[in-house]
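**Q** Encoded as structure tokens, here's the structure I'll be asking about.
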Amino acid sequence: MISFLAKHSLIIMFICAFLGFILPKASAAVFPYLPYVLFFLMTLSMIGTDQPRLMKKLTQSACWLFALLHSFVFMLLSCVGCYLLGLDSDLTLAIVAVGATGSLFATPAIVKAIGFDTVFAMAMTITTTLMLPISLFVTLLLFQQQSVSLDMYQYGLRLVIFIAGPMLLSFLMYRYIPTTRLKLIHQKISPLTIVLVFFFPFGLIGDFRVLWQESASEAYQYLLIACVICFLFFAVTYFIYKRSGKENALISAITAGNRNVLLSYTVAGSLLGPAFLPLVGALQIPTYFLPMVAKFIAKHSTKNKC
């Protein structure tokens with residue numbers, strides 16, 4: 001059963017977003033448990049990651065330049081777009097905050113489901129997450145009228161739990177468990193990694209359903225904005241990195257399109273304004289549609305080569 005779910009994971013992730021929309025009470029019930037799911041997801045991903053390669057990637061300037069593109073360049077692009085469209089201050093704050101947000105921790109698992117190497121995606125996910133407190137602070141300083149005070153204790157705690165913790169656990173496992181045995185164990189449990197991702201689109205779309213019940217026309221506006229954000233970030237990154245090879249371009253594009261909005265909300269909370277959570281819900285649909293687009297592009301390019 002798990003093998004079947006893993007094989008069709010990209011489609012199932014997309015379906016989970018719709019299921020969460022149809023079942024708002026179940027979606028709301030899952031939401032508080034997402035941080036725990038996140039920890040196990042990162043731990044399983046780290047165990048399957050080549051640690052020396054990951055550390056080498058993290059020391060390269062390419063990952064940090066990507067983090068600048070992922071946050072500050074897209075923040076600027078979002079800001080200009082909101083200004084040209086004449087959007088209100090709450091929606092502008094929410095959109096720019098999405099641009100400031102680091103990549104989704106589930107990105108390496110999604111990249112793996114497409115069939116690509118996860119180390120590059122993991123490195124970019126980590127660098128964009130480390131960039132988050134700076135980019136988010138700048139966003140709130142410019143667009144939030146209240147006194148800006150990020151919960152740095154909560155942010156630091158989550159960095160330790162979700163990044164440093166899994167990395168340390170993976171390091172200790174590789175140190176004290178024979179590599180061949182560890183890889184055999186990971187091979188058996190690795191399908192669980194992608195299955196854990198299913199909880200995120202299901203649990204995060206609830207606020208969008210609430211908005212849809214209150215005003216369907218406004219909900220459709222949020223969905224359109226969410227689609228533009230994800231597809232724009234994806235397309236711009238893909239064409240910037242296209243010269244580095246199709247696989248690197250697609251990995252970078254997927255990483256740019258995926259946004260860890262749950263972490264941003266945990267850090268900044270109500271400072272992100274009333275439009276943020278409904279926009280987060282709307283983002284789940286294009287976010288989990290893009291990996292299917294990436295897989296289609298990857299397959300199409302492979303056929304052309306043949």
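Scheme for the structure tokens: letters A, B, ... for chains in order shown; per-chain residue numbers from 1; ligand numbers from 1 in order shown.
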If you run DSSP on the backbone here, which positions in range 263-292 of chain A get alpha helix (DSSP H)? Please write them as a PyMOL selection string.

**A** chain A and resi 263-268+276-287+290-292

**Q** Residues near range 64-79 of chain A, anyone? I mean within 9 Å using only C-alpha atoms, not counting same-chain ones fewer than 2 positions away, as a PyMOL selection string.

**A** chain A and resi 58-62+81-84+92-93+95-103+124-125+127-132+135-136+139+229+233+237+252+255-257

**Q** Those residues with C-alpha atoms, as a tab-separated table (two decimals), in the first residue's frame please?

**A**
chain	number	residue	atom	x	y	z
A	58	LEU	CA	26.29	24.45	2.05
A	59	THR	CA	29.77	25.97	1.80
A	60	GLN	CA	29.29	26.86	-1.87
A	61	SER	CA	28.20	30.38	-2.84
A	62	ALA	CA	25.61	29.03	-5.31
A	81	GLY	CA	3.41	43.59	-8.57
A	82	CYS	CA	1.21	44.55	-5.60
A	83	TYR	CA	1.89	48.24	-6.21
A	84	LEU	CA	1.02	48.03	-9.91
A	92	THR	CA	0.35	43.21	0.04
A	93	LEU	CA	1.89	42.26	3.39
A	95	ILE	CA	2.10	38.35	-0.60
A	96	VAL	CA	5.48	39.91	0.21
A	97	ALA	CA	5.71	37.70	3.33
A	98	VAL	CA	5.25	34.64	1.11
A	99	GLY	CA	8.14	35.95	-1.01
A	100	ALA	CA	10.25	36.29	2.15
A	101	THR	CA	9.50	32.74	3.28
A	102	GLY	CA	12.06	29.94	3.03
A	103	SER	CA	11.53	26.78	1.03
A	124	MET	CA	18.87	25.23	-0.77
A	125	THR	CA	16.06	24.51	1.67
A	127	THR	CA	19.99	28.25	3.26
A	128	THR	CA	16.59	29.82	2.49
A	129	THR	CA	15.39	28.89	5.97
A	130	LEU	CA	18.44	30.52	7.56
A	131	MET	CA	17.73	33.65	5.48
A	132	LEU	CA	14.11	33.80	6.73
A	135	SER	CA	13.85	38.72	5.01
A	136	LEU	CA	10.78	38.43	7.24
A	139	THR	CA	9.05	42.67	5.22
A	229	ILE	CA	2.87	33.67	-7.13
A	233	PHE	CA	8.49	32.07	-8.86
A	237	THR	CA	13.86	30.50	-11.38
A	252	SER	CA	15.73	25.16	-8.25
A	255	THR	CA	12.43	24.86	-4.41
A	256	ALA	CA	11.51	28.46	-5.30
A	257	GLY	CA	7.84	27.59	-5.84

**Q** For Tyr265 in chain A, which of A:Gly20, A:Pro133, A:Pro291, A:Pro108 is the closest residue, counting only C-alpha atoms?

**A**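 Selected residue with least distance to Tyr265 in chain A: A:Pro133.
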
**Q** Go through A:Leu271, A:Ala123, A:Val160, A:Val30 one by one, measure the shortest atom-to-atom distance of each to Pro52 in chain A using only C-alpha atoms, and give the residue with the smallest value.

**A**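 Looking at the shortest contact to Pro52 in chain A, the residue is A:Ala123.
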
**Q** Identify, on the basis of only C-alpha atoms, every residue whose closest approach to range 187-202 of chain A does not exceed 8 Å; exclude the query and any residue fewer than 2 positions from it along the same chain; express the result as a PyMOL selection string.

**A** chain A and resi 2-3+5-6+9+12-14+16-21+27+30+34+37+41+44-45+48+106+109-110+113+183-185+204-206+284-285+288

**Q** Compare A:Ser264, A:Thr43, A:Gln51, A:Thr107 by their minimum atom-to-atom distance to Phe171 in chain A, counting only C-alpha atoms, and give me the closest one.

**A** A:Gln51

**Q** With a distance cut-off of 9 Å and only C-alpha atoms, select the neighbouring residues of Val119 in chain A, excluding the residue or stretch itself and same-chain residues fewer than 6 positions from it, and output the selection as an MDAnalysis selection string.

**A** chainID A and resid 49:51 53:54 57 108

**Q** CA of Ile163 in chain A to CA of Tyr36 in chain A: how many Å, to one decimal?

**A** 13.1 Å

**Q** With only C-alpha atoms as the basis for distance, which of A:Phe276, A:Tyr222, A:Phe120, A:Phe162 is at the shortest distance from Glu247 in chain A?

**A**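 Result for the nearest residue to Glu247 in chain A: A:Phe120.
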
**Q** Between A:Met122, A:Ala294, A:Leu277, A:Asp90, which has the minimum distance to Met55 in chain A (counting only C-alpha atoms)?

**A** A:Met122

**Q** Using Å and a single decimal, report how far CA of Val111 in chain A sits from CA of Leu159 in chain A.

**A**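 If I compute the distance from CA of Leu159 in chain A to CA of Val111 in chain A, I get 21.5 Å.
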
**Q** Can you pull out every residue within 7 Å of Ala226 in chain A, counting only C-alpha atoms, but drop anything in the same chain fewer than 3 positions away, and send it as a list in words?

**A** Tyr222, Leu223, Ile229, Cys230, Leu279, Ala282, Leu283 and Pro286 of chain A

**Q** Point out the residue among A:Ile297, A:Leu104, A:Ile22, A:Leu87 with the least atom-to-atom distance to Asn260 in chain A, counting only C-alpha atoms.

**A** A:Leu104
